[in-house]
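**Student:** File input.tsv follows (TSV, C-alpha atoms and all ligand atoms):
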chain	number	residue	atom	x	y	z
A	1	MET	CA	74.00	110.88	32.71
A	2	THR	CA	75.45	107.47	33.54
A	3	ALA	CA	72.84	105.06	34.80
A	4	LYS	CA	72.76	103.49	38.22
A	5	ILE	CA	73.08	99.73	37.81
A	6	ILE	CA	70.18	97.84	39.37
A	7	SER	CA	71.82	94.66	40.63
A	8	GLY	CA	69.52	91.67	40.57
A	9	THR	CA	72.29	89.68	42.21
A	10	GLU	CA	72.27	92.00	45.26
A	11	ILE	CA	68.48	92.34	45.54
A	12	ALA	CA	68.01	88.58	45.10
A	13	LYS	CA	70.53	88.07	47.92
A	14	GLN	CA	68.48	90.28	50.26
A	15	ILE	CA	65.26	88.41	49.47
A	16	ARG	CA	66.97	85.02	49.88
A	17	GLU	CA	68.20	86.08	53.33
A	18	GLU	CA	64.63	87.02	54.28
A	19	LEU	CA	63.35	83.71	52.93
A	20	LYS	CA	66.02	81.70	54.74
A	21	GLN	CA	64.87	83.17	58.06
A	22	GLU	CA	61.22	82.58	57.27
A	23	ILE	CA	61.92	78.96	56.29
A	24	ALA	CA	63.86	78.38	59.53
A	25	GLN	CA	60.92	79.79	61.53
A	26	LEU	CA	58.37	77.65	59.70
A	27	LYS	CA	60.43	74.61	60.60
A	28	ALA	CA	60.98	75.62	64.23
A	29	LYS	CA	57.43	76.81	64.99
A	30	HIS	CA	55.28	74.64	62.73
A	31	ASN	CA	57.54	71.71	61.76
A	32	LEU	CA	56.83	72.76	58.17
A	33	VAL	CA	59.46	72.29	55.45
A	34	PRO	CA	58.50	73.76	52.04
A	35	GLY	CA	59.07	71.21	49.27
A	36	LEU	CA	59.77	71.82	45.58
A	37	ALA	CA	59.83	69.21	42.81
A	38	THR	CA	61.65	70.13	39.60
A	39	VAL	CA	60.94	68.02	36.54
A	40	LEU	CA	63.34	68.03	33.60
A	41	VAL	CA	62.69	66.00	30.45
A	42	GLY	CA	65.60	65.49	28.07
A	43	GLU	CA	69.06	66.97	27.97
A	44	ASN	CA	68.72	70.59	26.82
A	45	PRO	CA	71.91	72.17	28.30
A	46	ALA	CA	70.24	75.52	29.13
A	47	SER	CA	67.35	73.72	30.89
A	48	GLN	CA	69.83	71.52	32.78
A	49	SER	CA	71.64	74.58	34.02
A	50	TYR	CA	68.36	76.34	35.06
A	51	VAL	CA	67.13	73.24	36.92
A	52	GLY	CA	70.55	72.81	38.57
A	53	ALA	CA	70.44	76.42	39.80
A	54	LYS	CA	66.89	75.97	41.15
A	55	GLU	CA	67.88	72.81	43.01
A	56	LYS	CA	71.01	74.44	44.45
A	57	THR	CA	69.11	77.52	45.65
A	58	SER	CA	66.36	75.37	47.24
A	59	ILE	CA	68.92	73.42	49.23
A	60	GLU	CA	70.77	76.58	50.30
A	61	LEU	CA	67.55	78.07	51.67
A	62	GLY	CA	66.42	74.93	53.50
A	63	ILE	CA	63.69	73.94	51.03
A	64	TYR	CA	63.17	70.19	50.52
A	65	SER	CA	64.11	69.58	46.90
A	66	GLU	CA	63.16	66.65	44.69
A	67	ARG	CA	64.77	66.66	41.25
A	68	LEU	CA	63.25	64.37	38.63
A	69	ASP	CA	65.31	63.99	35.47
A	70	LEU	CA	63.47	62.01	32.81
A	71	PRO	CA	64.76	60.69	29.46
A	72	GLU	CA	63.98	62.56	26.22
A	73	LYS	CA	61.67	59.73	25.08
A	74	THR	CA	59.34	60.05	28.11
A	75	SER	CA	55.73	59.72	26.94
A	76	GLN	CA	52.86	62.10	27.63
A	77	ASP	CA	51.17	59.45	29.81
A	78	GLU	CA	54.33	58.90	31.86
A	79	LEU	CA	54.74	62.63	32.47
A	80	MET	CA	51.04	63.04	33.33
A	81	ALA	CA	51.35	60.15	35.82
A	82	LEU	CA	54.36	61.82	37.45
A	83	VAL	CA	52.50	65.15	37.77
A	84	ASP	CA	49.58	63.26	39.32
A	85	ARG	CA	51.90	61.61	41.86
A	86	LEU	CA	53.47	64.96	42.77
A	87	ASN	CA	50.03	66.59	43.06
A	88	LYS	CA	49.21	63.99	45.74
A	89	ASP	CA	52.55	64.08	47.59
A	90	PRO	CA	52.17	66.10	50.85
A	91	LYS	CA	55.95	66.76	51.05
A	92	ILE	CA	55.77	68.63	47.73
A	93	HIS	CA	54.20	72.09	47.83
A	94	GLY	CA	55.48	73.36	44.50
A	95	ILE	CA	55.88	71.61	41.13
A	96	LEU	CA	58.02	73.08	38.40
A	97	VAL	CA	58.10	71.45	34.97
A	98	GLN	CA	61.05	72.97	33.11
A	99	LEU	CA	60.14	74.33	29.68
A	100	PRO	CA	60.54	73.85	26.81
A	101	LEU	CA	59.49	70.20	26.78
A	102	PRO	CA	60.57	67.94	23.90
A	103	LYS	CA	58.41	68.48	20.79
A	104	HIS	CA	56.40	65.24	21.11
A	105	LEU	CA	54.93	66.35	24.46
A	106	VAL	CA	51.88	68.62	24.74
A	107	GLU	CA	53.11	71.34	27.08
A	108	THR	CA	49.75	72.89	27.89
A	109	GLU	CA	48.20	69.56	28.88
A	110	ILE	CA	51.06	68.96	31.33
A	111	LEU	CA	51.00	72.47	32.80
A	112	TYR	CA	47.22	72.42	33.18
A	113	ALA	CA	47.41	69.08	35.01
A	114	ILE	CA	49.43	70.65	37.84
A	115	ASN	CA	47.25	71.38	40.86
A	116	PRO	CA	46.88	75.22	40.77
A	117	LYS	CA	47.78	75.27	44.49
A	118	LYS	CA	51.17	73.72	43.60
A	119	ASP	CA	51.67	75.81	40.44
A	120	VAL	CA	54.59	77.89	41.76
A	121	ASP	CA	55.42	79.09	38.22
A	122	GLY	CA	51.99	80.74	38.07
A	123	PHE	CA	51.30	79.44	34.53
A	124	HIS	CA	48.04	77.53	35.24
A	125	PRO	CA	44.97	79.31	33.77
A	126	VAL	CA	43.46	79.52	37.28
A	127	ASN	CA	46.49	81.47	38.50
A	128	VAL	CA	46.65	83.57	35.32
A	129	GLY	CA	42.98	84.45	35.85
A	130	ARG	CA	43.52	85.27	39.52
A	131	LEU	CA	46.38	87.58	38.55
A	132	MET	CA	44.17	89.30	35.99
A	133	ILE	CA	41.44	90.07	38.55
A	134	GLY	CA	43.97	91.24	41.12
A	135	GLU	CA	43.63	88.30	43.54
A	136	PRO	CA	46.75	86.25	42.89
A	137	ASP	CA	47.97	83.35	45.02
A	138	TYR	CA	51.21	83.18	43.04
A	139	LEU	CA	52.77	85.88	40.92
A	140	PRO	CA	54.71	84.46	37.96
A	141	CYS	CA	58.41	84.42	38.84
A	142	THR	CA	60.07	86.63	36.21
A	143	PRO	CA	57.43	89.40	36.32
A	144	HIS	CA	57.44	89.32	40.12
A	145	GLY	CA	61.23	89.59	40.05
A	146	ILE	CA	60.98	92.63	37.76
A	147	GLN	CA	58.47	94.32	40.06
A	148	GLN	CA	60.68	93.68	43.09
A	149	LEU	CA	63.72	95.12	41.27
A	150	LEU	CA	61.77	98.32	40.70
A	151	VAL	CA	60.22	98.53	44.17
A	152	ARG	CA	63.41	97.72	46.07
A	153	SER	CA	65.41	100.22	43.97
A	154	GLY	CA	62.97	102.96	44.95
A	155	VAL	CA	61.66	103.51	41.41
A	156	GLN	CA	58.36	105.41	41.35
A	157	ILE	CA	55.92	103.03	39.65
A	158	GLU	CA	52.61	104.66	40.61
A	159	GLY	CA	51.53	107.01	37.84
A	160	ALA	CA	54.56	106.16	35.66
A	161	GLU	CA	54.38	105.56	31.92
A	162	VAL	CA	55.48	101.93	31.62
A	163	VAL	CA	56.23	100.48	28.20
A	164	VAL	CA	56.67	96.71	27.85
A	165	VAL	CA	58.25	95.33	24.68
A	166	GLY	CA	57.05	91.75	24.22
A	167	ARG	CA	53.69	90.07	24.88
A	168	SER	CA	54.58	86.52	25.87
A	169	ASN	CA	52.47	84.69	28.43
A	170	ILE	CA	55.44	84.30	30.76
A	171	VAL	CA	56.85	87.84	30.78
A	172	GLY	CA	55.21	90.58	28.69
A	173	LYS	CA	51.52	90.04	29.42
A	174	PRO	CA	51.83	89.25	33.14
A	175	ILE	CA	54.22	92.12	33.98
A	176	ALA	CA	51.92	94.55	32.13
A	177	ASN	CA	48.97	93.17	34.05
A	178	MET	CA	50.75	93.35	37.41
A	179	LEU	CA	51.88	96.95	36.98
A	180	LEU	CA	48.44	98.21	36.02
A	181	GLN	CA	46.74	96.82	39.15
A	182	LYS	CA	45.40	99.47	41.53
A	183	ARG	CA	47.77	98.78	44.41
A	184	PRO	CA	51.13	99.92	45.82
A	185	GLY	CA	54.11	98.97	43.65
A	186	ALA	CA	51.86	99.22	40.59
A	187	ASN	CA	49.10	101.63	39.45
A	188	ALA	CA	51.07	102.61	36.32
A	189	THR	CA	49.87	103.47	32.81
A	190	VAL	CA	50.98	100.52	30.73
A	191	THR	CA	51.57	100.13	26.99
A	192	ILE	CA	52.54	96.80	25.40
A	193	CYS	CA	54.52	96.67	22.13
A	194	HIS	CA	55.12	93.68	19.87
A	195	THR	CA	56.06	92.89	16.28
A	196	GLY	CA	52.70	94.23	15.10
A	197	THR	CA	53.30	97.65	16.70
A	198	ARG	CA	53.48	100.30	13.96
A	199	ASP	CA	56.06	102.62	15.51
A	200	ILE	CA	57.82	101.09	18.51
A	201	SER	CA	60.10	104.11	19.08
A	202	PHE	CA	57.06	106.37	19.45
A	203	HIS	CA	56.11	104.34	22.51
A	204	THR	CA	59.54	103.53	23.95
A	205	ARG	CA	60.52	107.25	23.87
A	206	ARG	CA	57.57	108.06	26.12
A	207	ALA	CA	58.54	105.47	28.74
A	208	ASP	CA	59.51	106.39	32.30
A	209	ILE	CA	60.04	102.67	32.85
A	210	LEU	CA	60.91	100.46	29.88
A	211	ILE	CA	60.74	96.66	30.23
A	212	VAL	CA	62.16	94.74	27.29
A	213	ALA	CA	61.40	91.03	26.81
A	214	ALA	CA	61.77	90.53	23.08
A	215	GLY	CA	64.42	87.81	22.88
A	216	ARG	CA	66.44	89.89	20.34
A	217	PRO	CA	69.83	91.51	21.01
A	218	LYS	CA	69.68	95.31	20.56
A	219	ALA	CA	65.90	95.29	20.01
A	220	VAL	CA	66.04	98.67	21.79
A	221	THR	CA	68.83	101.18	21.13
A	222	ALA	CA	69.76	104.54	22.71
A	223	ASP	CA	67.91	106.62	20.09
A	224	MET	CA	64.67	104.85	21.13
A	225	VAL	CA	64.65	106.03	24.78
A	226	LYS	CA	64.39	109.34	26.63
A	227	GLU	CA	66.87	110.78	29.14
A	228	GLY	CA	66.29	109.44	32.64
A	229	VAL	CA	64.38	106.29	31.68
A	230	VAL	CA	64.61	103.22	33.96
A	231	VAL	CA	65.33	100.13	31.85
A	232	ILE	CA	64.69	96.53	32.85
A	233	ASP	CA	66.33	94.20	30.34
A	234	VAL	CA	64.76	90.75	30.56
A	235	GLY	CA	66.43	89.26	27.49
A	236	VAL	CA	68.96	86.45	27.66
A	237	ASN	CA	70.59	85.87	24.28
A	238	ARG	CA	73.49	83.49	23.76
A	239	VAL	CA	75.76	85.20	21.24
A	240	GLY	CA	78.82	82.95	21.29
A	241	LYS	CA	81.28	81.27	23.61
A	242	THR	CA	84.33	82.41	25.50
A	243	ALA	CA	87.71	80.75	24.93
A	244	GLU	CA	86.87	78.57	27.98
A	245	GLY	CA	83.64	77.44	26.30
A	246	LYS	CA	81.28	79.48	28.55
A	247	ALA	CA	78.22	81.02	26.86
A	248	ILE	CA	78.42	84.76	26.21
A	249	LEU	CA	75.10	86.30	27.25
A	250	VAL	CA	73.62	89.65	26.19
A	251	GLY	CA	70.24	91.21	26.88
A	252	ASP	CA	67.68	92.75	24.55
A	253	VAL	CA	68.87	96.37	24.80
A	254	ASP	CA	72.02	98.14	23.69
A	255	PHE	CA	73.38	98.38	27.24
A	256	GLU	CA	76.46	100.48	26.44
A	257	GLY	CA	74.51	103.11	24.49
A	258	ILE	CA	71.47	103.26	26.78
A	259	LYS	CA	73.39	103.47	30.05
A	260	GLU	CA	74.54	106.97	29.04
A	261	LYS	CA	70.91	108.16	28.86
A	262	ALA	CA	69.06	106.07	31.44
A	263	SER	CA	68.81	106.90	35.16
A	264	ALA	CA	68.93	103.18	36.01
A	265	ILE	CA	69.36	99.92	34.11
A	266	THR	CA	69.65	96.19	34.83
A	267	PRO	CA	72.70	94.33	33.49
A	268	VAL	CA	72.70	90.96	31.71
A	269	PRO	CA	73.74	88.73	33.36
A	270	GLY	CA	73.10	89.76	36.97
A	271	GLY	CA	69.79	91.58	36.47
A	272	VAL	CA	66.46	89.82	36.12
A	273	GLY	CA	67.94	86.28	35.99
A	274	PRO	CA	68.80	85.85	39.71
A	275	MET	CA	65.41	87.32	40.65
A	276	THR	CA	63.44	84.69	38.72
A	277	ILE	CA	64.84	81.79	40.75
A	278	THR	CA	64.41	83.72	43.99
A	279	MET	CA	60.73	84.36	43.28
A	280	LEU	CA	60.26	80.65	42.62
A	281	MET	CA	61.57	80.00	46.13
A	282	LEU	CA	59.23	82.66	47.51
A	283	ASN	CA	56.25	81.01	45.78
A	284	THR	CA	57.27	77.60	47.16
A	285	VAL	CA	57.30	79.02	50.70
A	286	LYS	CA	53.90	80.61	50.06
A	287	ALA	CA	52.55	77.29	48.72
A	288	ALA	CA	53.69	75.51	51.88
A	289	LYS	CA	52.05	78.17	54.06
A	290	LEU	CA	48.81	78.00	52.05
A	291	ALA	CA	48.75	74.20	52.36
A	292	ALA	CA	49.26	74.48	56.14
A	293	GLY	CA	46.65	77.21	56.53
A	294	LEU	CA	49.31	79.73	57.57
A	295	ALA	CA	48.98	82.24	54.71
B	301	LIG	P1	58.97	85.14	23.43
B	301	LIG	O1	57.92	84.21	23.88
B	301	LIG	O2	59.82	84.81	22.24
B	301	LIG	O3	58.26	86.56	23.16
B	301	LIG	C1	58.96	87.63	22.62
B	301	LIG	C2	58.01	88.78	22.43
B	301	LIG	O4	58.73	89.89	21.96
B	301	LIG	C3	56.90	88.49	21.42
B	301	LIG	O5	55.68	89.02	21.94
B	301	LIG	C4	57.35	89.24	20.17
B	301	LIG	O6	56.28	89.77	19.44
B	301	LIG	C5	58.11	90.39	20.78
B	301	LIG	N1	59.19	90.88	19.92
B	301	LIG	C6	60.22	90.19	19.38
B	301	LIG	N2	61.04	91.01	18.70
B	301	LIG	C7	60.51	92.24	18.79
B	301	LIG	C8	60.88	93.50	18.28
B	301	LIG	N3	61.98	93.66	17.54
B	301	LIG	N4	60.10	94.56	18.58
B	301	LIG	C9	58.99	94.41	19.34
B	301	LIG	N5	58.58	93.24	19.84
B	301	LIG	C10	59.34	92.17	19.58
B	301	LIG	O7	60.00	85.49	24.59
B	301	LIG	P2	59.86	85.47	26.21
B	301	LIG	O8	59.68	84.09	26.66
B	301	LIG	O9	58.93	86.54	26.65
B	301	LIG	O10	61.34	85.92	26.57
B	301	LIG	C11	61.87	87.14	26.14
B	301	LIG	C12	63.34	87.19	26.51
B	301	LIG	O11	63.46	87.15	27.92
B	301	LIG	C13	64.16	86.02	25.99
B	301	LIG	O12	65.48	86.47	25.69
B	301	LIG	C14	64.22	85.08	27.19
B	301	LIG	O13	65.37	84.25	27.17
B	301	LIG	C15	64.28	86.07	28.31
B	301	LIG	N6	63.77	85.55	29.58
B	301	LIG	C16	64.57	85.73	30.66
B	301	LIG	C17	64.14	85.30	31.89
B	301	LIG	C18	65.01	85.52	33.06
B	301	LIG	O14	64.76	84.96	34.11
B	301	LIG	N7	66.04	86.34	32.95
B	301	LIG	C19	62.90	84.66	32.02
B	301	LIG	C20	62.09	84.53	30.89
B	301	LIG	C21	62.54	84.99	29.67
B	301	LIG	P3	55.16	88.85	18.71
B	301	LIG	O15	54.24	88.40	19.81
B	301	LIG	O16	54.51	89.79	17.79
B	301	LIG	O17	55.90	87.73	18.07
In C-alpha cells, write the structure found in this file.

**Tutor:**
Amino acid sequence: MTAKIISGTEIAKQIREELKQEIAQLKAKHNLVPGLATVLVGENPASQSYVGAKEKTSIELGIYSERLDLPEKTSQDELMALVDRLNKDPKIHGILVQLPLPKHLVETEILYAINPKKDVDGFHPVNVGRLMIGEPDYLPCTPHGIQQLLVRSGVQIEGAEVVVVGRSNIVGKPIANMLLQKRPGANATVTICHTGTRDISFHTRRADILIVAAGRPKAVTADMVKEGVVVIDVGVNRVGKTAEGKAILVGDVDFEGIKEKASAITPVPGGVGPMTITMLMLNTVKAAKLAAGLA
C-alpha cells in the first residue's frame, strides 16, 4: 500500500478561502474588522519566520494586523504593560505572544495576563479548562489543525483507536482531549505515550490514527505501525541546511518507510504547519465575533 498524502497546504487553502469570505461579510454587514496583535521578543530566527508568516496571512485574509517586535532585553514589566494595553485595545481581538520568550522572562505570567477572550492561541488556563469540559471558545491552533486535517480528509475518527505520541501542553494533551470528546469529529478511544511509556510500539501498532508530536526525527518507524494506519506527523526538526542556506526540515516519523504501510500520511513540510497558522486566523475571527456579540 502506498499512502495517500494528506496535504495541509491544500486543506489550509480551502479554510483560508472560507475565512476570507467570512471576513469580507463581517466588514460589509457589521463594519467589523478582526484584529490580531503578534508580539515577538528578541531575534530568534525561527520565531521571526513564524511571526512573519502569521502577519502575512492576516493581511492576505483582510485581518487587521499589528506586529510588535521588542528587543531581547525587554523586561517582564514592559511586556506585562504591553499585554495590558493590547487587552484594552478594541481594535485588537486576538493577542499572540510568540514562544519561546527569552530566558529572563516568565512565560506563564505573560500568557496568563492575556485576557482569555483574546487568547487566540488557547493557552490560558481558562481556555484549557473550557476545552477539558467540552465547552471551548478557542481550540488551540495546532490540535485544531490536526483535527481538521482528519475530518476534511474523510478519516473516520468516531470509534477509532487514536494513539498520540507526546504529552506537551500545546500539542499532545490538547489533541488527545479534543478527540475523546463526545461529539462529531471526535469520540475516539485515545492513548497518550511519552518517554515514560514502557513499550511504545505495543501502543503505536494498535493505532488506527497515529499522531506524533515528539520533537525527534524517526521517533516512529515502519515496524512500529500497522497496515492502513493514518499518520499525522506534527514534528518539525531542523536537520541541516541546503546549499542555498535554507533549513532542511523533517518530521517525527520515518516518512519513506511508513508511507508504504499507511493508508494516509501528512508530509513535513506541508502537513500540519500550514494548518496551525490558519487556525490562528480562524480563532481571531471568532474572537472578533464574540466581542461583537455575533458568535
Ligand atoms: P515538547 O514540548 O518537546 O514535547 C515532546 C513530547 O514528546 C514530550 O511529552 C516527550 O515526553 C515526548 N517524547 C519525546 N521523545 C519521545 C519518544 N522517543 N517516545 C515517546 N515520547 C517522546 O514538544 P511539542 O511542543 O509538543 O512539539 C513536538 C514537535 O511538534 C516538535 O518537533 C515541534 O517543533 C512540532 N510542532 C509543530 C507545530 C506545527 O505547527 N507544525 C506546532 C507545534 C509543535 P516527556 O513528556 O516524557 O518528556

**Student:** Kindly compile the residues surrounding ligand LIG 301 (chain B) within 9 Å, counting all atoms listed in the file, and format them as number ranges by chain.

**Tutor:** A: 141-143, 145, 164-173, 192-197, 200, 212-220, 233-238, 250-252, 268-277

**Student:** So how many Å separate CA of Leu32 in chain A and CA of Lys91 in chain A, to one decimal?

**Tutor:** 9.4 Å

**Student:** I need the residue nearest Glu107 in chain A from this list: A:Leu150, A:Ile265, A:Val41, A:Ile211. Use only C-alpha atoms for the distance.

**Tutor:** A:Val41

**Student:** Leaving out Thr74 in chain A and any residue of its chain fewer than 5 positions from it, which residues lie within 10 Å of it when counting all atoms listed in the file, given as JSON, numbers by chain?

**Tutor:** {"A": [41, 42, 79, 102, 104, 105]}

**Student:** Could you tell me how far CA of Gln147 in chain A sits from CA of Lys182 in chain A, in Å to one decimal place?

**Tutor:**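 CA of Lys182 in chain A sits 14.1 Å away from CA of Gln147 in chain A.
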
**Student:** Please identify all polymer residues within 12 Å of Glu17 in chain A, counting all atoms listed in the file, omitting same-chain residues fewer than 2 positions from it, and present them as a list in words.

**Tutor:**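 Near Glu17 in chain A, the qualifying residues are Glu10, Ile11, Ala12, Lys13, Gln14, Ile15, Leu19, Lys20, Gln21, Glu22, Ile23, Ala24, Thr57, Glu60, Leu61, Gly62, Thr278, Met281 and Leu282 of chain A.
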
**Student:** Could you take the residues named above and write them with C-alpha atoms, as a tab-separated table (two decimals), in the coordinates of the input?

**Tutor:**
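Result saved to selection18.tsv:
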chain	number	residue	atom	x	y	z
A	10	GLU	CA	72.27	92.00	45.26
A	11	ILE	CA	68.48	92.34	45.54
A	12	ALA	CA	68.01	88.58	45.10
A	13	LYS	CA	70.53	88.07	47.92
A	14	GLN	CA	68.48	90.28	50.26
A	15	ILE	CA	65.26	88.41	49.47
A	19	LEU	CA	63.35	83.71	52.93
A	20	LYS	CA	66.02	81.70	54.74
A	21	GLN	CA	64.87	83.17	58.06
A	22	GLU	CA	61.22	82.58	57.27
A	23	ILE	CA	61.92	78.96	56.29
A	24	ALA	CA	63.86	78.38	59.53
A	57	THR	CA	69.11	77.52	45.65
A	60	GLU	CA	70.77	76.58	50.30
A	61	LEU	CA	67.55	78.07	51.67
A	62	GLY	CA	66.42	74.93	53.50
A	278	THR	CA	64.41	83.72	43.99
A	281	MET	CA	61.57	80.00	46.13
A	282	LEU	CA	59.23	82.66	47.51

**Student:** With distances taken over all atoms listed in the file, which residue among A:Gln48, A:Gln98, A:Ser58, A:Asn87 lies nearest Ile114 in chain A?

**Tutor:**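 Of all the options, A:Asn87 lies closest to Ile114 in chain A.
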
**Student:** Smallest atom-to-atom distance to Val155 in chain A: which of A:Gly35, A:Pro136, A:Pro184, A:Gly240, using all atoms listed in the file?

**Tutor:**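 Comparing A:Gly35, A:Pro136, A:Pro184, A:Gly240 against Val155 in chain A, the winner is A:Pro184.
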
**Student:** List every protein, DNA or RNA residue that has at least one atom no more than 7 Å from (64.0, 63.7, 34.3) in the file's coordinates, counting only C-alpha atoms, and write the result as a compact mmCIF listing (two decimals) with C-alpha atoms, in the coordinates of the input.

**Tutor:**
# COMPACT_ATOMS: atom_id res chain seq x y z
CA VAL A 39 60.94 68.02 36.54
CA LEU A 40 63.34 68.03 33.60
CA VAL A 41 62.69 66.00 30.45
CA GLY A 42 65.60 65.49 28.07
CA LEU A 68 63.25 64.37 38.63
CA ASP A 69 65.31 63.99 35.47
CA LEU A 70 63.47 62.01 32.81
CA PRO A 71 64.76 60.69 29.46

**Student:** Mind rebuilding range 209-231 of chain A with N, CA and C atoms and writing that out as a tab-separated table (two decimals), keeping the file's coordinate frame?

**Tutor:**
chain	number	residue	atom	x	y	z
A	209	ILE	N	59.49	103.99	32.54
A	209	ILE	CA	60.04	102.67	32.85
A	209	ILE	C	59.86	101.81	31.59
A	210	LEU	N	60.95	101.26	31.11
A	210	LEU	CA	60.91	100.46	29.88
A	210	LEU	C	61.34	99.02	30.21
A	211	ILE	N	60.46	98.08	29.93
A	211	ILE	CA	60.74	96.66	30.23
A	211	ILE	C	60.83	95.93	28.90
A	212	VAL	N	61.98	95.33	28.62
A	212	VAL	CA	62.16	94.74	27.29
A	212	VAL	C	62.32	93.22	27.42
A	213	ALA	N	61.37	92.51	26.82
A	213	ALA	CA	61.40	91.03	26.81
A	213	ALA	C	61.06	90.58	25.41
A	214	ALA	N	62.00	90.81	24.50
A	214	ALA	CA	61.77	90.53	23.08
A	214	ALA	C	62.53	89.29	22.60
A	215	GLY	N	63.61	88.95	23.31
A	215	GLY	CA	64.42	87.81	22.88
A	215	GLY	C	65.27	88.14	21.66
A	216	ARG	N	65.60	89.44	21.48
A	216	ARG	CA	66.44	89.89	20.34
A	216	ARG	C	67.52	90.84	20.86
A	217	PRO	N	68.79	90.55	20.60
A	217	PRO	CA	69.83	91.51	21.01
A	217	PRO	C	69.59	92.86	20.33
A	218	LYS	N	69.80	93.93	21.07
A	218	LYS	CA	69.68	95.31	20.56
A	218	LYS	C	68.31	95.61	19.94
A	219	ALA	N	67.26	94.96	20.47
A	219	ALA	CA	65.90	95.29	20.01
A	219	ALA	C	65.59	96.74	20.35
A	220	VAL	N	66.22	97.27	21.42
A	220	VAL	CA	66.04	98.67	21.79
A	220	VAL	C	67.41	99.33	21.87
A	221	THR	N	67.55	100.46	21.16
A	221	THR	CA	68.83	101.18	21.13
A	221	THR	C	68.66	102.57	21.75
A	222	ALA	N	69.79	103.27	21.96
A	222	ALA	CA	69.76	104.54	22.71
A	222	ALA	C	68.84	105.59	22.07
A	223	ASP	N	68.76	105.62	20.75
A	223	ASP	CA	67.91	106.62	20.09
A	223	ASP	C	66.42	106.36	20.34
A	224	MET	N	66.08	105.20	20.91
A	224	MET	CA	64.67	104.85	21.13
A	224	MET	C	64.19	105.17	22.55
A	225	VAL	N	65.07	105.76	23.38
A	225	VAL	CA	64.65	106.03	24.78
A	225	VAL	C	64.88	107.49	25.13
A	226	LYS	N	64.19	107.95	26.19
A	226	LYS	CA	64.39	109.34	26.63
A	226	LYS	C	65.41	109.38	27.77
A	227	GLU	N	65.96	110.56	28.00
A	227	GLU	CA	66.87	110.78	29.14
A	227	GLU	C	66.16	110.41	30.43
A	228	GLY	N	66.84	109.69	31.31
A	228	GLY	CA	66.29	109.44	32.64
A	228	GLY	C	65.42	108.20	32.75
A	229	VAL	N	65.22	107.50	31.64
A	229	VAL	CA	64.38	106.29	31.68
A	229	VAL	C	65.00	105.22	32.61
A	230	VAL	N	64.14	104.39	33.20
A	230	VAL	CA	64.61	103.22	33.96
A	230	VAL	C	64.38	102.01	33.06
A	231	VAL	N	65.44	101.24	32.81
A	231	VAL	CA	65.33	100.13	31.85
A	231	VAL	C	65.54	98.79	32.55
